[in-house]
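Undergrad: The structure file start09.pdb (PDB, C-alpha atoms, pLDDT in the B column) is provided below.
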ATOM      1  CA  MET H 246      -9.257   8.064  22.786  1.00 67.00           C
ATOM      2  CA  ALA H 247     -12.051   9.469  20.666  1.00 84.00           C
ATOM      3  CA  ASN H 248     -14.261   6.988  18.856  1.00 90.00           C
ATOM      4  CA  TRP H 249     -13.477   8.438  15.405  1.00 87.00           C
ATOM      5  CA  ILE H 250      -9.753   7.880  16.063  1.00 91.00           C
ATOM      6  CA  ARG H 251     -10.331   4.197  16.849  1.00 94.00           C
ATOM      7  CA  ILE H 252     -12.510   3.780  13.778  1.00 93.00           C
ATOM      8  CA  SER H 253      -9.936   5.544  11.582  1.00 93.00           C
ATOM      9  CA  LEU H 254      -7.134   3.310  12.857  1.00 95.00           C
ATOM     10  CA  LEU H 255      -9.290   0.224  12.388  1.00 96.00           C
ATOM     11  CA  ALA H 256     -10.237   1.200   8.821  1.00 96.00           C
ATOM     12  CA  GLY H 257      -6.597   1.871   7.995  1.00 97.00           C
ATOM     13  CA  ALA H 258      -5.479  -1.420   9.516  1.00 97.00           C
ATOM     14  CA  LEU H 259      -8.215  -3.213   7.574  1.00 97.00           C
ATOM     15  CA  SER H 260      -7.041  -1.604   4.328  1.00 97.00           C
ATOM     16  CA  GLY H 261      -3.461  -2.592   5.135  1.00 97.00           C
ATOM     17  CA  GLY H 262      -4.468  -6.137   5.968  1.00 97.00           C
ATOM     18  CA  LEU H 263      -6.394  -6.474   2.724  1.00 97.00           C
ATOM     19  CA  ILE H 264      -3.350  -5.266   0.783  1.00 97.00           C
ATOM     20  CA  VAL H 265      -1.296  -8.032   2.403  1.00 96.00           C
ATOM     21  CA  LEU H 266      -3.956 -10.652   1.636  1.00 97.00           C
ATOM     22  CA  ALA H 267      -3.921  -9.615  -2.022  1.00 96.00           C
ATOM     23  CA  MET H 268      -0.176 -10.215  -2.378  1.00 94.00           C
ATOM     24  CA  PRO H 269       1.213 -13.413  -3.939  1.00 90.00           C
ATOM     25  CA  LYS H 270       2.017 -15.319  -0.733  1.00 86.00           C
ATOM     26  CA  PRO H 271      -1.557 -15.323   0.684  1.00 91.00           C
ATOM     27  CA  ASP H 272      -2.697 -15.015  -2.948  1.00 92.00           C
ATOM     28  CA  PHE H 273      -6.200 -13.601  -2.671  1.00 95.00           C
ATOM     29  CA  GLY H 274      -5.720 -11.335  -5.696  1.00 93.00           C
ATOM     30  CA  TYR H 275      -9.386 -10.404  -5.982  1.00 95.00           C
ATOM     31  CA  VAL H 276      -9.137  -8.646  -2.594  1.00 97.00           C
ATOM     32  CA  ALA H 277      -6.900  -6.016  -4.218  1.00 96.00           C
ATOM     33  CA  TYR H 278      -9.956  -4.360  -5.736  1.00 97.00           C
ATOM     34  CA  LEU H 279     -11.412  -3.753  -2.273  1.00 97.00           C
ATOM     35  CA  CYS H 280      -8.293  -3.068  -0.229  1.00 97.00           C
ATOM     36  CA  LEU H 281      -8.456   0.735  -0.269  1.00 97.00           C
ATOM     37  CA  VAL H 282     -12.218   0.961   0.265  1.00 96.00           C
ATOM     38  CA  PRO H 283     -12.210   0.937   4.103  1.00 96.00           C
ATOM     39  CA  GLY H 284      -9.687   3.762   4.282  1.00 95.00           C
ATOM     40  CA  LEU H 285     -11.150   5.827   1.467  1.00 95.00           C
ATOM     41  CA  THR H 286     -14.679   5.512   2.864  1.00 92.00           C
ATOM     42  CA  LEU H 287     -13.685   7.341   6.048  1.00 88.00           C
ATOM     43  CA  LEU H 288     -11.557  10.062   4.467  1.00 82.00           C
ATOM     44  CA  PRO H 289     -14.118  12.839   4.611  1.00 72.00           C
ATOM     45  CA  GLY H 290     -13.628  13.711   8.243  1.00 62.00           C
ATOM     46  CA  PRO H 291     -11.970  16.037  10.705  1.00 60.00           C
ATOM     47  CA  GLY H 292      -9.126  17.605   8.772  1.00 68.00           C
ATOM     48  CA  ARG H 293      -5.967  15.926   7.565  1.00 82.00           C
ATOM     49  CA  TYR H 294      -5.486  14.188  10.901  1.00 90.00           C
ATOM     50  CA  ARG H 295      -7.909  11.412   9.922  1.00 92.00           C
ATOM     51  CA  ALA H 296      -6.047  10.837   6.635  1.00 94.00           C
ATOM     52  CA  LEU H 297      -2.793  10.647   8.592  1.00 95.00           C
ATOM     53  CA  LEU H 298      -4.242   8.060  10.996  1.00 95.00           C
ATOM     54  CA  ILE H 299      -5.759   5.950   8.218  1.00 96.00           C
ATOM     55  CA  GLY H 300      -2.619   6.121   6.102  1.00 96.00           C
ATOM     56  CA  GLY H 301      -0.338   5.379   9.026  1.00 97.00           C
ATOM     57  CA  ALA H 302      -2.311   2.325  10.114  1.00 97.00           C
ATOM     58  CA  ALA H 303      -2.684   1.052   6.539  1.00 98.00           C
ATOM     59  CA  GLY H 304       0.981   1.670   5.836  1.00 97.00           C
ATOM     60  CA  VAL H 305       2.357  -0.034   8.922  1.00 97.00           C
ATOM     61  CA  VAL H 306       0.105  -3.095   8.607  1.00 98.00           C
ATOM     62  CA  SER H 307       0.597  -3.565   4.866  1.00 97.00           C
ATOM     63  CA  CYS H 308       4.331  -2.894   4.846  1.00 96.00           C
ATOM     64  CA  ALA H 309       5.000  -5.069   7.886  1.00 95.00           C
ATOM     65  CA  GLY H 310       3.085  -7.835   6.140  1.00 94.00           C
ATOM     66  CA  LYS H 311       5.172  -7.411   3.003  1.00 92.00           C
ATOM     67  CA  VAL H 312       8.664  -7.250   4.542  1.00 93.00           C
ATOM     68  CA  TYR H 313       8.317  -9.433   7.658  1.00 91.00           C
ATOM     69  CA  TRP H 314      10.823 -11.944   6.271  1.00 92.00           C
ATOM     70  CA  ILE H 315      13.712  -9.491   5.961  1.00 93.00           C
ATOM     71  CA  ALA H 316      14.689  -9.622   9.663  1.00 92.00           C
ATOM     72  CA  GLU H 317      15.220 -13.367   9.567  1.00 92.00           C
ATOM     73  CA  THR H 318      17.056 -13.151   6.249  1.00 93.00           C
ATOM     74  CA  LEU H 319      19.432 -10.501   7.590  1.00 93.00           C
ATOM     75  CA  ALA H 320      20.090 -12.635  10.662  1.00 91.00           C
ATOM     76  CA  ASN H 321      20.562 -15.925   8.805  1.00 92.00           C
ATOM     77  CA  TYR H 322      22.416 -14.752   5.709  1.00 93.00           C
ATOM     78  CA  GLY H 323      23.628 -11.244   6.505  1.00 90.00           C
ATOM     79  CA  GLY H 324      25.504 -12.042   9.672  1.00 90.00           C
ATOM     80  CA  LEU H 325      23.474  -9.585  11.770  1.00 91.00           C
ATOM     81  CA  SER H 326      21.900 -10.374  15.096  1.00 93.00           C
ATOM     82  CA  PHE H 327      18.158 -10.901  15.005  1.00 92.00           C
ATOM     83  CA  ALA H 328      17.644  -7.712  17.054  1.00 94.00           C
ATOM     84  CA  VAL H 329      19.554  -5.614  14.503  1.00 94.00           C
ATOM     85  CA  GLY H 330      17.692  -7.339  11.650  1.00 93.00           C
ATOM     86  CA  ALA H 331      14.345  -6.654  13.333  1.00 95.00           C
ATOM     87  CA  PHE H 332      15.266  -3.013  13.931  1.00 96.00           C
ATOM     88  CA  THR H 333      16.335  -2.622  10.288  1.00 94.00           C
ATOM     89  CA  THR H 334      13.101  -4.226   9.135  1.00 95.00           C
ATOM     90  CA  ALA H 335      11.100  -1.895  11.382  1.00 96.00           C
ATOM     91  CA  LEU H 336      12.870   1.112   9.852  1.00 95.00           C
ATOM     92  CA  LEU H 337      12.119  -0.200   6.354  1.00 94.00           C
ATOM     93  CA  THR H 338       8.480  -0.700   7.336  1.00 96.00           C
ATOM     94  CA  VAL H 339       8.196   2.891   8.553  1.00 96.00           C
ATOM     95  CA  TYR H 340       9.913   4.209   5.409  1.00 95.00           C
ATOM     96  CA  LEU H 341       7.623   2.255   3.076  1.00 95.00           C
ATOM     97  CA  SER H 342       4.577   3.283   5.144  1.00 96.00           C
ATOM     98  CA  LEU H 343       5.264   6.914   4.297  1.00 96.00           C
ATOM     99  CA  TYR H 344       4.180   6.270   0.702  1.00 97.00           C
ATOM    100  CA  ILE H 345       0.775   5.033   1.833  1.00 97.00           C
ATOM    101  CA  VAL H 346       0.458   7.921   4.284  1.00 97.00           C
ATOM    102  CA  ALA H 347       1.261  10.295   1.408  1.00 97.00           C
ATOM    103  CA  PHE H 348      -1.425   8.620  -0.716  1.00 97.00           C
ATOM    104  CA  PHE H 349      -4.163   9.144   1.876  1.00 96.00           C
ATOM    105  CA  LEU H 350      -3.007  12.700   2.580  1.00 95.00           C
ATOM    106  CA  LEU H 351      -3.005  13.536  -1.137  1.00 95.00           C
ATOM    107  CA  VAL H 352      -6.415  12.100  -1.940  1.00 95.00           C
ATOM    108  CA  SER H 353      -7.980  13.604   1.183  1.00 93.00           C
ATOM    109  CA  ARG H 354      -7.624  16.993  -0.507  1.00 92.00           C
ATOM    110  CA  PHE H 355     -10.145  15.992  -3.201  1.00 92.00           C
ATOM    111  CA  ASP H 356     -13.910  15.593  -3.078  1.00 90.00           C
ATOM    112  CA  PRO H 357     -14.833  11.876  -3.005  1.00 90.00           C
ATOM    113  CA  ALA H 358     -18.141  12.683  -4.697  1.00 90.00           C
ATOM    114  CA  SER H 359     -16.350  14.065  -7.749  1.00 92.00           C
ATOM    115  CA  ALA H 360     -16.291  12.002 -10.930  1.00 96.00           C
ATOM    116  CA  LEU H 361     -12.535  12.620 -11.061  1.00 96.00           C
ATOM    117  CA  PHE H 362     -11.879  11.114  -7.622  1.00 95.00           C
ATOM    118  CA  PRO H 363     -11.176   7.552  -8.870  1.00 96.00           C
ATOM    119  CA  TRP H 364      -8.736   8.949 -11.442  1.00 97.00           C
ATOM    120  CA  VAL H 365      -6.999  11.061  -8.813  1.00 97.00           C
ATOM    121  CA  CYS H 366      -6.702   8.035  -6.509  1.00 97.00           C
ATOM    122  CA  ALA H 367      -5.305   5.781  -9.237  1.00 98.00           C
ATOM    123  CA  SER H 368      -2.874   8.440 -10.439  1.00 98.00           C
ATOM    124  CA  ALA H 369      -1.658   9.225  -6.933  1.00 98.00           C
ATOM    125  CA  TRP H 370      -1.222   5.543  -6.075  1.00 98.00           C
ATOM    126  CA  VAL H 371       0.747   4.750  -9.232  1.00 98.00           C
ATOM    127  CA  THR H 372       2.916   7.851  -8.888  1.00 97.00           C
ATOM    128  CA  LEU H 373       3.809   6.890  -5.327  1.00 97.00           C
ATOM    129  CA  GLU H 374       4.489   3.272  -6.342  1.00 97.00           C
ATOM    130  CA  TRP H 375       6.796   4.541  -9.069  1.00 96.00           C
ATOM    131  CA  LEU H 376       8.594   6.783  -6.557  1.00 96.00           C
ATOM    132  CA  GLN H 377       8.900   3.851  -4.162  1.00 95.00           C
ATOM    133  CA  GLY H 378      10.506   1.832  -6.941  1.00 93.00           C
ATOM    134  CA  HIS H 379      12.988   4.534  -7.935  1.00 94.00           C
ATOM    135  CA  LEU H 380      13.658   6.882  -5.002  1.00 91.00           C
ATOM    136  CA  LEU H 381      16.631   6.194  -2.690  1.00 83.00           C
ATOM    137  CA  THR H 382      17.828   3.175  -4.703  1.00 78.00           C
ATOM    138  CA  GLY H 383      14.245   1.936  -5.067  1.00 86.00           C
ATOM    139  CA  PHE H 384      12.161  -0.793  -3.518  1.00 87.00           C
ATOM    140  CA  PRO H 385       9.840  -2.097  -6.254  1.00 89.00           C
ATOM    141  CA  TRP H 386       8.712  -5.172  -4.315  1.00 85.00           C
ATOM    142  CA  MET H 387       5.117  -6.083  -3.621  1.00 88.00           C
ATOM    143  CA  LEU H 388       3.454  -3.392  -5.695  1.00 95.00           C
ATOM    144  CA  LEU H 389      -0.332  -3.698  -5.870  1.00 96.00           C
ATOM    145  CA  GLY H 390      -0.237  -4.811  -9.503  1.00 95.00           C
ATOM    146  CA  TYR H 391       1.690  -7.947  -8.528  1.00 95.00           C
ATOM    147  CA  SER H 392      -1.448  -9.224  -6.809  1.00 95.00           C
ATOM    148  CA  GLN H 393      -2.940 -10.025 -10.208  1.00 95.00           C
ATOM    149  CA  HIS H 394      -0.244 -12.501 -11.263  1.00 93.00           C
ATOM    150  CA  GLN H 395      -2.835 -15.256 -11.783  1.00 92.00           C
ATOM    151  CA  MET H 396      -5.477 -13.106 -13.517  1.00 91.00           C
ATOM    152  CA  LEU H 397      -4.534 -13.526 -17.169  1.00 90.00           C
ATOM    153  CA  PRO H 398      -7.204 -11.164 -18.585  1.00 90.00           C
ATOM    154  CA  ILE H 399      -6.076  -8.388 -16.216  1.00 89.00           C
ATOM    155  CA  LEU H 400      -2.389  -9.031 -16.848  1.00 87.00           C
ATOM    156  CA  GLN H 401      -2.738  -8.192 -20.527  1.00 91.00           C
ATOM    157  CA  ILE H 402      -2.484  -4.493 -19.710  1.00 91.00           C
ATOM    158  CA  ALA H 403       0.962  -5.171 -18.195  1.00 91.00           C
ATOM    159  CA  ARG H 404       2.278  -5.859 -21.671  1.00 92.00           C
ATOM    160  CA  ILE H 405       1.605  -2.226 -22.526  1.00 94.00           C
ATOM    161  CA  CYS H 406       1.875  -0.370 -19.207  1.00 93.00           C
ATOM    162  CA  GLY H 407       3.822  -2.708 -16.948  1.00 94.00           C
ATOM    163  CA  VAL H 408       2.927  -3.397 -13.337  1.00 95.00           C
ATOM    164  CA  TYR H 409       2.027   0.270 -12.848  1.00 96.00           C
ATOM    165  CA  GLY H 410      -0.783  -0.032 -15.411  1.00 96.00           C
ATOM    166  CA  VAL H 411      -2.157  -3.022 -13.509  1.00 96.00           C
ATOM    167  CA  SER H 412      -1.981  -1.050 -10.244  1.00 97.00           C
ATOM    168  CA  PHE H 413      -3.787   1.854 -11.918  1.00 97.00           C
ATOM    169  CA  LEU H 414      -6.543  -0.471 -13.087  1.00 96.00           C
ATOM    170  CA  ILE H 415      -6.952  -1.957  -9.595  1.00 97.00           C
ATOM    171  CA  VAL H 416      -7.168   1.371  -7.819  1.00 97.00           C
TER     172      VAL H 416
END
Could you write out this structure as structure tokens?
TA:
Amino acid sequence: MANWIRISLLAGALSGGLIVLAMPKPDFGYVAYLCLVPGLTLLPGPGRYRALLIGGAAGVVSCAGKVYWIAETLANYGGLSFAVGAFTTALLTVYLSLYIVAFFLLVSRFDPASALFPWVCASAWVTLEWLQGHLLTGFPWMLLGYSQHQMLPILQIARICGVYGVSFLIV
């Protein structure tokens, strides 16, 4: 495996891990401001393949860290076997990962040196979070803005823009 592939997967997994650490259960909300940096730093690279690798690794790690509990819940309270619950959770993880893959693929089309790049990233992220919350019955859990639940000065924007405004500010 080429070295740049390993580094891309590692950067994506690091971004995904930081997203999980920023969420309310681990509760390191300040990490949210850095979570996309490892993946975005490596985006300028060999074609869209690098963005796909980074997004895939970030998506699988972050989404698995956000929905890990669903398999046990389906087994304990849904009457499913643990194997079926784990398979269902894996499918949900892959589905939710597609939004993060789409984010990295979208922003890889823009020049990171441009002054508009942060705005493009924030807009793309929030648009994809909104789609995740509304498409196919929606799944609005564990959006990036939720990581700021203890940061009262940051949360003030939620009164005007909701959780999506907080996510925009973070990204």
Undergrad: Taking (6.7, -0.8, 7.0) as a centre in this file's frame and 6 Å as the limit, can you find every polymer residue with an atom that close, using only C-alpha atoms, and give them as JSON, numbers by chain?
TA: {"H": [305, 308, 309, 337, 338, 339, 341, 342]}
Undergrad: Apply the PyMOL selection byres ((chain H and resi 261-263) around 12) to the displayed file and report the matching residues as a PyMOL selection string.
TA: chain H and resi 254-260+264-268+271-285+299-311+342+345-346+389+392
Undergrad: Atoms to include: C-alpha atoms. Write the selected residues as a PDB file, in the frame of the given file.
TA:
ATOM      1  CA  LEU H 254      -7.134   3.310  12.857  1.00 95.00           C
ATOM      2  CA  LEU H 255      -9.290   0.224  12.388  1.00 96.00           C
ATOM      3  CA  ALA H 256     -10.237   1.200   8.821  1.00 96.00           C
ATOM      4  CA  GLY H 257      -6.597   1.871   7.995  1.00 97.00           C
ATOM      5  CA  ALA H 258      -5.479  -1.420   9.516  1.00 97.00           C
ATOM      6  CA  LEU H 259      -8.215  -3.213   7.574  1.00 97.00           C
ATOM      7  CA  SER H 260      -7.041  -1.604   4.328  1.00 97.00           C
ATOM      8  CA  ILE H 264      -3.350  -5.266   0.783  1.00 97.00           C
ATOM      9  CA  VAL H 265      -1.296  -8.032   2.403  1.00 96.00           C
ATOM     10  CA  LEU H 266      -3.956 -10.652   1.636  1.00 97.00           C
ATOM     11  CA  ALA H 267      -3.921  -9.615  -2.022  1.00 96.00           C
ATOM     12  CA  MET H 268      -0.176 -10.215  -2.378  1.00 94.00           C
ATOM     13  CA  PRO H 271      -1.557 -15.323   0.684  1.00 91.00           C
ATOM     14  CA  ASP H 272      -2.697 -15.015  -2.948  1.00 92.00           C
ATOM     15  CA  PHE H 273      -6.200 -13.601  -2.671  1.00 95.00           C
ATOM     16  CA  GLY H 274      -5.720 -11.335  -5.696  1.00 93.00           C
ATOM     17  CA  TYR H 275      -9.386 -10.404  -5.982  1.00 95.00           C
ATOM     18  CA  VAL H 276      -9.137  -8.646  -2.594  1.00 97.00           C
ATOM     19  CA  ALA H 277      -6.900  -6.016  -4.218  1.00 96.00           C
ATOM     20  CA  TYR H 278      -9.956  -4.360  -5.736  1.00 97.00           C
ATOM     21  CA  LEU H 279     -11.412  -3.753  -2.273  1.00 97.00           C
ATOM     22  CA  CYS H 280      -8.293  -3.068  -0.229  1.00 97.00           C
ATOM     23  CA  LEU H 281      -8.456   0.735  -0.269  1.00 97.00           C
ATOM     24  CA  VAL H 282     -12.218   0.961   0.265  1.00 96.00           C
ATOM     25  CA  PRO H 283     -12.210   0.937   4.103  1.00 96.00           C
ATOM     26  CA  GLY H 284      -9.687   3.762   4.282  1.00 95.00           C
ATOM     27  CA  LEU H 285     -11.150   5.827   1.467  1.00 95.00           C
ATOM     28  CA  ILE H 299      -5.759   5.950   8.218  1.00 96.00           C
ATOM     29  CA  GLY H 300      -2.619   6.121   6.102  1.00 96.00           C
ATOM     30  CA  GLY H 301      -0.338   5.379   9.026  1.00 97.00           C
ATOM     31  CA  ALA H 302      -2.311   2.325  10.114  1.00 97.00           C
ATOM     32  CA  ALA H 303      -2.684   1.052   6.539  1.00 98.00           C
ATOM     33  CA  GLY H 304       0.981   1.670   5.836  1.00 97.00           C
ATOM     34  CA  VAL H 305       2.357  -0.034   8.922  1.00 97.00           C
ATOM     35  CA  VAL H 306       0.105  -3.095   8.607  1.00 98.00           C
ATOM     36  CA  SER H 307       0.597  -3.565   4.866  1.00 97.00           C
ATOM     37  CA  CYS H 308       4.331  -2.894   4.846  1.00 96.00           C
ATOM     38  CA  ALA H 309       5.000  -5.069   7.886  1.00 95.00           C
ATOM     39  CA  GLY H 310       3.085  -7.835   6.140  1.00 94.00           C
ATOM     40  CA  LYS H 311       5.172  -7.411   3.003  1.00 92.00           C
ATOM     41  CA  SER H 342       4.577   3.283   5.144  1.00 96.00           C
ATOM     42  CA  ILE H 345       0.775   5.033   1.833  1.00 97.00           C
ATOM     43  CA  VAL H 346       0.458   7.921   4.284  1.00 97.00           C
ATOM     44  CA  LEU H 389      -0.332  -3.698  -5.870  1.00 96.00           C
ATOM     45  CA  SER H 392      -1.448  -9.224  -6.809  1.00 95.00           C
TER      46      SER H 392
END
Undergrad: Please write the residues picked by the PyMOL selection byres ((chain H and resi 294) around 12) on this file as number ranges by chain.
TA: H: 249-250, 253-254, 287-293, 295-301, 346, 349-350, 353-354
Undergrad: Looking at H:Ala247, H:Ala320, H:Ala358, H:Val408, which one is nearest to Val371 in chain H, with distances taken over all atoms listed in the file?
TA: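 Comparing H:Ala247, H:Ala320, H:Ala358, H:Val408 against Val371 in chain H, the winner is H:Val408.
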Undergrad: For the atom pair CA of Thr333 in chain H and CA of Leu381 in chain H, what is the interatomic distance in Å to one decimal place?
TA: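 Value for the CA of Thr333 in chain H-CA of Leu381 in chain H distance: 15.7 Å.
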Undergrad: Please write as a VMD selection string the full residue list that the PyMOL selection byres ((chain H and resi 369) around 12) yields on this file.
TA: chain H and resid 344 to 355 362 to 368 370 to 376 409 412 to 413 416
Undergrad: Would you compute the box with edges along x, y and z of the file around range 337-345 of chain H, including every atom the file lists for it and 4 Å extra on each side, and give its centre and edge lengths in Å to one decimal, as lines of an AutoDock Vina configuration file?
TA:
center_x = 6.4
center_y = 3.1
center_z = 4.6
size_x = 19.3
size_y = 15.6
size_z = 15.9
Undergrad: Rank H:Cys406, H:Gly390, H:Gln401, H:Ala316 by their smallest atom-to-atom distance to Pro269 in chain H, using only C-alpha atoms, and report the top residue only.
TA: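 Residue with the minimum atom-to-atom distance to Pro269 in chain H: H:Gly390.
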Undergrad: From the options H:Gln395, H:Thr382, H:Asn248, H:Thr286, which residue's atoms come nearest to Asp356 in chain H, counting all atoms listed in the file?
TA: H:Thr286
Undergrad: Give me, as a list in words, all polymer residues having an atom no more than 12 Å from Val329 in chain H, counting only C-alpha atoms and skipping those fewer than 3 positions away in the same chain.
TA: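 Everything that qualifies: Ile315, Ala316, Glu317, Thr318, Leu319, Ala320, Asn321, Gly323, Gly324, Leu325, Ser326, Phe332, Thr333, Thr334, Ala335 and Leu336 of chain H.
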Undergrad: Taking C-alpha atoms for each residue, export the selection above as an mmCIF file, keeping the file's coordinate frame.
TA:
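Heads up, here's the output in result.cif:
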data_model
loop_
_atom_site.group_PDB
_atom_site.id
_atom_site.type_symbol
_atom_site.label_atom_id
_atom_site.label_comp_id
_atom_site.auth_asym_id
_atom_site.auth_seq_id
_atom_site.Cartn_x
_atom_site.Cartn_y
_atom_site.Cartn_z
ATOM 1 C CA ILE H 315 13.712 -9.491 5.961
ATOM 2 C CA ALA H 316 14.689 -9.622 9.663
ATOM 3 C CA GLU H 317 15.220 -13.367 9.567
ATOM 4 C CA THR H 318 17.056 -13.151 6.249
ATOM 5 C CA LEU H 319 19.432 -10.501 7.590
ATOM 6 C CA ALA H 320 20.090 -12.635 10.662
ATOM 7 C CA ASN H 321 20.562 -15.925 8.805
ATOM 8 C CA GLY H 323 23.628 -11.244 6.505
ATOM 9 C CA GLY H 324 25.504 -12.042 9.672
ATOM 10 C CA LEU H 325 23.474 -9.585 11.770
ATOM 11 C CA SER H 326 21.900 -10.374 15.096
ATOM 12 C CA PHE H 332 15.266 -3.013 13.931
ATOM 13 C CA THR H 333 16.335 -2.622 10.288
ATOM 14 C CA THR H 334 13.101 -4.226 9.135
ATOM 15 C CA ALA H 335 11.100 -1.895 11.382
ATOM 16 C CA LEU H 336 12.870 1.112 9.852
#
Undergrad: Can you work out the spacing between CA of Val411 in chain H and CA of Trp386 in chain H in Å, to one decimal?
TA: 14.4 Å
Undergrad: Report, in Å with one decimal, the straight-line distance from CA of Phe327 in chain H to CA of Val312 in chain H.
TA: 14.6 Å
